[in-house]
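One file, model-v2.cif, is given below (mmCIF, C-alpha atoms).
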data_run
#
loop_
_atom_site.label_atom_id
_atom_site.label_comp_id
_atom_site.auth_asym_id
_atom_site.auth_seq_id
_atom_site.Cartn_x
_atom_site.Cartn_y
_atom_site.Cartn_z
CA MET S 166 -3.78 4.61 -12.49
CA GLY S 167 -2.62 4.35 -8.89
CA GLU S 168 -4.93 4.58 -5.93
CA ILE S 169 -4.19 6.22 -2.57
CA LYS S 170 -6.64 6.03 0.29
CA VAL S 171 -6.16 8.79 2.85
CA SER S 172 -7.85 9.75 6.11
CA VAL S 173 -8.39 13.43 6.88
CA SER S 174 -10.58 15.38 9.29
CA ASP S 175 -14.20 16.03 8.25
CA GLU S 176 -13.43 19.71 8.18
CA LYS S 177 -10.54 19.33 5.73
CA GLU S 178 -12.49 16.90 3.59
CA GLU S 179 -15.38 19.31 3.25
CA LYS S 180 -13.07 22.23 2.47
CA PHE S 181 -11.22 20.17 -0.14
CA ARG S 182 -14.42 18.92 -1.82
CA LYS S 183 -15.76 22.46 -1.93
CA ALA S 184 -12.58 23.77 -3.56
CA ALA S 185 -12.43 20.85 -6.00
CA MET S 186 -16.05 21.44 -7.08
CA LYS S 187 -15.37 25.14 -7.48
CA VAL S 188 -12.41 24.53 -9.78
CA PHE S 189 -13.40 21.35 -11.64
CA GLY S 190 -17.16 21.50 -11.41
CA HIS S 191 -19.76 19.08 -10.04
CA LYS S 192 -18.79 16.17 -12.17
CA ARG S 193 -17.23 12.77 -11.84
CA GLY S 194 -13.47 12.82 -11.31
CA SER S 195 -13.21 16.35 -9.98
CA ILE S 196 -11.97 15.20 -6.56
CA SER S 197 -9.32 13.01 -8.18
CA LYS S 198 -8.20 15.85 -10.45
CA ALA S 199 -7.90 18.21 -7.50
CA ALA S 200 -6.09 15.62 -5.40
CA GLU S 201 -3.65 14.89 -8.22
CA GLU S 202 -2.90 18.58 -8.64
CA ALA S 203 -2.46 19.07 -4.88
CA MET S 204 -0.18 16.04 -4.59
CA GLU S 205 1.92 17.10 -7.54
CA GLU S 206 2.38 20.58 -6.10
CA TRP S 207 3.22 19.29 -2.64
CA ALA S 208 5.67 16.67 -3.91
CA GLU S 209 7.45 19.11 -6.21
CA LYS S 210 7.85 21.60 -3.40
CA ARG S 211 9.13 19.00 -0.94
CA LEU S 212 11.52 17.41 -3.41
CA GLU S 213 13.10 20.78 -4.05
CA GLU S 214 13.76 21.26 -0.35
CA GLU S 215 17.16 20.23 0.90
CA ILE S 216 16.69 17.36 3.34
CA ASP S 217 19.40 17.22 5.94
CA LEU S 218 21.45 14.22 4.90
CA SER S 219 24.69 15.62 6.20
CA GLY S 220 27.38 13.03 6.06
CA GLY S 221 27.16 10.07 3.74
CA LEU S 222 25.52 6.68 4.14
CA GLY S 223 28.62 5.34 5.90
CA ASP S 224 28.72 8.20 8.41
CA PHE S 225 25.03 7.67 9.11
CA LEU S 226 25.66 4.04 10.08
CA ARG S 227 28.83 4.89 12.02
CA ASP S 228 26.89 7.41 14.10
CA LYS S 229 24.51 4.67 15.21
CA ALA S 230 27.19 2.02 15.82
CA VAL S 231 26.85 -0.53 18.61
CA GLU S 232 29.19 -2.98 20.32
CA SER S 233 29.10 -6.52 18.97
CA ASP S 234 31.13 -9.63 19.61
CA LYS S 235 30.24 -10.94 16.16
CA SER S 236 31.68 -9.67 12.91
CA ALA S 237 29.46 -8.47 10.09
CA VAL S 238 30.20 -11.64 8.11
CA GLU S 239 29.21 -13.84 11.08
CA MET S 240 26.01 -11.86 11.52
CA GLN S 241 25.26 -12.25 7.84
CA GLU S 242 25.85 -15.99 8.00
CA ASN S 243 23.38 -16.23 10.88
CA MET S 244 20.90 -14.25 8.85
CA GLY S 245 21.25 -16.67 5.94
CA GLU S 246 20.75 -19.63 8.25
CA ALA S 247 17.74 -17.99 9.89
CA TYR S 248 16.21 -17.40 6.44
CA GLU S 249 16.75 -21.01 5.49
CA ASP S 250 15.33 -22.24 8.81
CA GLU S 251 12.28 -20.01 8.83
CA VAL S 252 11.42 -19.56 5.18
CA LEU S 253 12.59 -22.70 3.51
CA ASP S 254 11.89 -25.34 6.15
CA MET W 19 33.58 -0.20 -12.84
CA LYS W 20 30.40 -1.24 -11.05
CA TYR W 21 30.54 -3.58 -8.06
CA LEU W 22 28.02 -5.76 -6.32
CA ILE W 23 27.81 -4.86 -2.63
CA ASP W 24 27.45 -7.64 -0.08
CA ALA W 25 25.31 -7.16 3.04
CA ASN W 26 28.30 -7.28 5.42
CA ILE W 27 29.57 -4.01 3.91
CA LEU W 28 26.47 -2.22 5.18
CA ILE W 29 26.50 -4.05 8.51
CA GLN W 30 30.17 -3.40 9.34
CA PRO W 31 29.98 0.40 9.88
CA PHE W 32 27.20 -0.22 12.41
CA LEU W 33 29.58 -2.29 14.54
CA LYS W 34 32.23 -0.68 16.69
CA GLN W 35 35.00 -2.82 15.23
CA ASP W 36 38.01 -2.63 12.96
CA LYS W 37 37.06 -2.14 9.33
CA ALA W 38 34.06 0.05 10.25
CA GLN W 39 35.85 3.20 9.12
CA GLN W 40 36.90 1.76 5.76
CA CYS W 41 33.38 0.50 5.10
CA ALA W 42 31.91 3.85 6.08
CA GLU W 43 34.30 5.59 3.71
CA LEU W 44 33.34 3.23 0.89
CA LEU W 45 29.62 3.75 1.55
CA ASN W 46 30.12 7.52 1.58
CA LYS W 47 31.77 7.28 -1.82
CA LEU W 48 28.89 5.17 -3.12
CA ASP W 49 26.49 7.73 -1.68
CA TYR W 50 28.27 10.60 -3.44
CA GLY W 51 28.61 8.68 -6.70
CA GLU W 52 32.41 8.45 -6.60
CA ILE W 53 32.08 4.66 -6.76
CA GLU W 54 29.26 2.72 -8.45
CA GLY W 55 27.61 -0.29 -6.91
CA VAL W 56 24.50 -2.44 -6.81
CA ILE W 57 22.90 -4.15 -3.82
CA THR W 58 20.04 -6.59 -4.11
CA VAL W 59 16.83 -5.72 -2.30
CA PHE W 60 17.07 -9.13 -0.61
CA HIS W 61 20.39 -8.16 0.98
CA LEU W 62 19.16 -4.66 1.81
CA ASP W 63 16.12 -6.13 3.58
CA ALA W 64 18.42 -8.51 5.44
CA VAL W 65 20.56 -5.57 6.59
CA GLY W 66 17.47 -3.64 7.70
CA ILE W 67 16.13 -6.56 9.74
CA LEU W 68 19.53 -7.35 11.22
CA LEU W 69 20.28 -3.78 12.26
CA LYS W 70 16.79 -3.39 13.70
CA ASN W 71 17.37 -6.51 15.78
CA LYS W 72 20.65 -4.97 16.94
CA GLY W 73 18.86 -1.86 18.17
CA LEU W 74 18.53 0.49 15.18
CA SER W 75 15.20 2.33 15.49
CA GLU W 76 12.47 1.87 12.87
CA GLU W 77 12.89 5.50 11.92
CA ASP W 78 16.59 4.95 11.29
CA VAL W 79 15.90 1.78 9.32
CA ALA W 80 13.57 3.85 7.13
CA GLN W 81 16.32 6.46 6.84
CA LEU W 82 18.74 3.72 5.76
CA TYR W 83 16.39 2.67 2.94
CA TYR W 84 15.91 6.29 1.93
CA ARG W 85 19.65 6.95 1.88
CA VAL W 86 20.26 3.90 -0.30
CA TYR W 87 17.40 5.01 -2.58
CA ASP W 88 18.88 8.50 -2.75
CA ALA W 89 22.54 7.47 -3.13
CA LYS W 90 24.04 8.64 -6.41
CA GLY W 91 26.30 5.63 -6.91
CA LEU W 92 24.29 2.87 -5.28
CA GLU W 93 21.38 1.10 -6.88
CA ALA W 94 19.07 -1.42 -5.20
CA ARG W 95 17.95 -4.14 -7.61
CA TYR W 96 15.29 -6.78 -7.20
CA THR W 97 16.15 -10.38 -7.77
CA GLY W 98 13.14 -12.35 -8.88
CA ILE W 99 11.83 -15.72 -7.83
CA SER W 100 13.82 -17.40 -10.61
CA ALA W 101 17.05 -16.04 -9.11
CA ARG W 102 16.05 -17.54 -5.76
CA LEU W 103 15.24 -20.87 -7.37
CA LYS W 104 18.59 -20.90 -9.15
CA ALA W 105 20.35 -19.88 -5.93
CA LEU W 106 18.63 -22.67 -4.00
CA ALA W 107 19.55 -25.16 -6.68
CA ASP W 108 23.18 -24.09 -6.48
CA GLU W 109 25.14 -27.28 -6.16
CA LYS W 110 27.81 -25.60 -4.08
CA ASN W 111 25.07 -24.85 -1.55
CA SER W 112 26.89 -21.93 0.01
CA GLY W 113 23.76 -20.58 1.68
CA ILE W 114 20.93 -18.57 0.18
CA ASP W 115 22.55 -15.16 0.67
CA ASP W 116 25.89 -16.12 -0.90
CA SER W 117 24.16 -18.00 -3.69
CA LEU W 118 21.99 -14.98 -4.44
CA ILE W 119 25.12 -12.85 -4.68
CA SER W 120 26.56 -15.23 -7.28
CA GLN W 121 23.22 -15.29 -9.08
CA ALA W 122 22.96 -11.48 -9.04
CA MET W 123 26.49 -11.18 -10.42
CA ASP W 124 25.48 -13.37 -13.37
CA ASP W 125 22.15 -11.63 -13.92
CA LEU W 126 23.53 -8.11 -13.64
CA ASP W 127 26.73 -8.93 -15.50
CA LEU W 128 28.98 -7.82 -12.63
CA ASN W 129 32.40 -9.37 -12.13
CA THR W 130 33.28 -8.36 -8.60
CA VAL W 131 31.58 -8.29 -5.22
CA ILE W 132 32.78 -6.03 -2.42
CA THR W 133 32.71 -8.23 0.65
CA TYR W 134 34.64 -9.50 3.65
CA ASP W 135 33.19 -12.96 3.11
CA THR W 136 36.05 -15.23 2.07
CA ASP W 137 33.65 -17.94 0.87
CA PHE W 138 33.65 -16.28 -2.53
CA LYS W 139 36.40 -17.14 -4.99
CA GLU W 140 39.33 -14.78 -4.59
CA LYS W 141 39.14 -13.49 -8.16
CA LEU W 142 35.48 -12.54 -7.70
CA ARG W 143 35.76 -10.60 -4.44
CA ILE W 144 37.41 -7.44 -3.29
CA THR W 145 37.53 -5.70 0.10
CA PRO W 146 36.59 -2.06 0.71
CA GLU W 147 40.26 -1.36 1.50
CA ASP W 148 41.30 -2.63 -1.94
CA VAL W 149 38.62 -0.60 -3.70
CA LEU W 150 39.62 2.55 -1.82
CA SER W 151 43.32 2.10 -2.51
CA ARG W 152 42.60 1.27 -6.16
CA GLN W 153 40.50 4.41 -6.43
CA GLY W 154 43.23 6.46 -4.76
CA ALA W 155 45.78 5.14 -7.25
CA ASP W 156 43.48 5.90 -10.19
CA SER W 157 42.94 9.49 -9.10
CA SER W 158 46.60 10.26 -8.34
#
Re-express the file's structure as structure tokens.
Amino acid sequence: MGEIKVSVSDEKEEKFRKAAMKVFGHKRGSISKAAEEAMEEWAEKRLEEEIDLSGGLGDFLRDKAVESDKSAVEMQENMGEAYEDEVLD
Amino acid sequence: MKYLIDANILIQPFLKQDKAQQCAELLNKLDYGEIEGVITVFHLDAVGILLKNKGLSEEDVAQLYYRVYDAKGLEARYTGISARLKALADEKNSGIDDSLISQAMDDLDLNTVITYDTDFKEKLRITPEDVLSRQGADSS
């Protein structure tokens, strides 16, 4: 079982607890059951929505491109060296 | 055929240089599932950090991760601590990132890495241009 800790306003918390008790009763686990149902519904709905990912991954990076005097391979080599300096030394 | 994708392939389109267009085209094809590839999470993290240091916003770095996660033909795979240990013990000592590529190729049973890094043996590496032209020939 996963655990998610969330912060909400007092007002929303009270409303949610009230609704959870109404549906699942005043017993242990009712809040979790209600939260699971709410999350499932929300996630399903959002996943069905088309997120604007117009253009592919390559176009996304091209749109953000910057000038550089180093090639990608040189930058990668520096990254490898930085990792070795900082993590391994 | 499934390829391993080196970090420089994701970095190149972010740089206003030659080869950016070819890399972008290759990444688009991976995104749409027209080509299949694998990138290690180590290399993806390295790309994220590098591009952030070059000015990519945190929101866009998150978008980069999401797009890789969502890409139909691109899979991000974890390499465990044992792969790092093997990479570090690599006698050729070609650097941790290159050694991890070699290690990932062994572990994931992949024969070819798409890269511009000429440190890899010629028979193991291929450039985006070669992949695109090979794909064009296959579909014609």
Worksheet item: Which one of W:Gly51, W:Gly113, W:Gly73, W:Gly66 sits closest to Glu246 (chain S) if you count all atoms listed in the file?
Response: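 Among the listed residues, W:Gly113 lies closest to Glu246 (chain S).
Non-sequential neighbours of Glu93 (chain W) (distance at most 12 Å, separation of 6 or more positions within a chain, all atoms listed in the file) are Lys20, Tyr21, Leu22, Ile23, Leu48, Asp49, Gly51, Ile53, Glu54, Gly55, Val56, Ile57, Thr58, Val59, Leu62, Tyr83, Tyr84, Arg85, Val86, Tyr87 and Leu126 of chain W.
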Discussion item. Please report the interatomic distance between CA of Asp115 (chain W) and CA of Gly245 (chain S) in Å with one decimal.
Written reply: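 Interatomic distance, CA of Asp115 (chain W) to CA of Gly245 (chain S): 5.6 Å.
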Worksheet item: When the PyMOL selection byres ((chain S and resi 170-182) around 10) is applied to the file above, which residues end up in the set, as JSON, numbers by chain?
Response: {"S": [168, 169, 183, 184, 185, 186, 187, 188, 191, 195, 196, 199, 200]}
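What the PyMOL selection byres ((chain W) within 6 of (chain S)) picks from this file is Asn26, Ile29, Gln30, Pro31, Phe32, Leu33, Lys34, Ala42, Leu45, Asn46, Asp49, Asp115 and Asp135 of chain W.
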Item to complete: Take CA of Leu150 (chain W) and CA of Lys72 (chain W) and report the distance between them in Å, one decimal.
Response: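 Between these atoms lies a distance of 27.7 Å.
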Worksheet entry | Expected selection from the PyMOL selection byres ((chain W and resi 146) around 7), given as a ChimeraX atom specification | /W:40-41,44,132,144-145,147-150
Discussion item. One number please: CA of Asp125 (chain W) to CA of Ile99 (chain W), in Å, one decimal.
Written reply: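 Atom-to-atom, CA of Asp125 (chain W) to CA of Ile99 (chain W), that is 12.7 Å.
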Practice prompt. Select, from W:Asp156, W:Arg95, W:Gln121, W:Asp63, the residue with the minimum atom-to-atom distance to Asp108 (chain W), counting all atoms listed in the file.
Written response: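 Using all atoms listed in the file, Asp108 (chain W) sits closest to W:Gln121.
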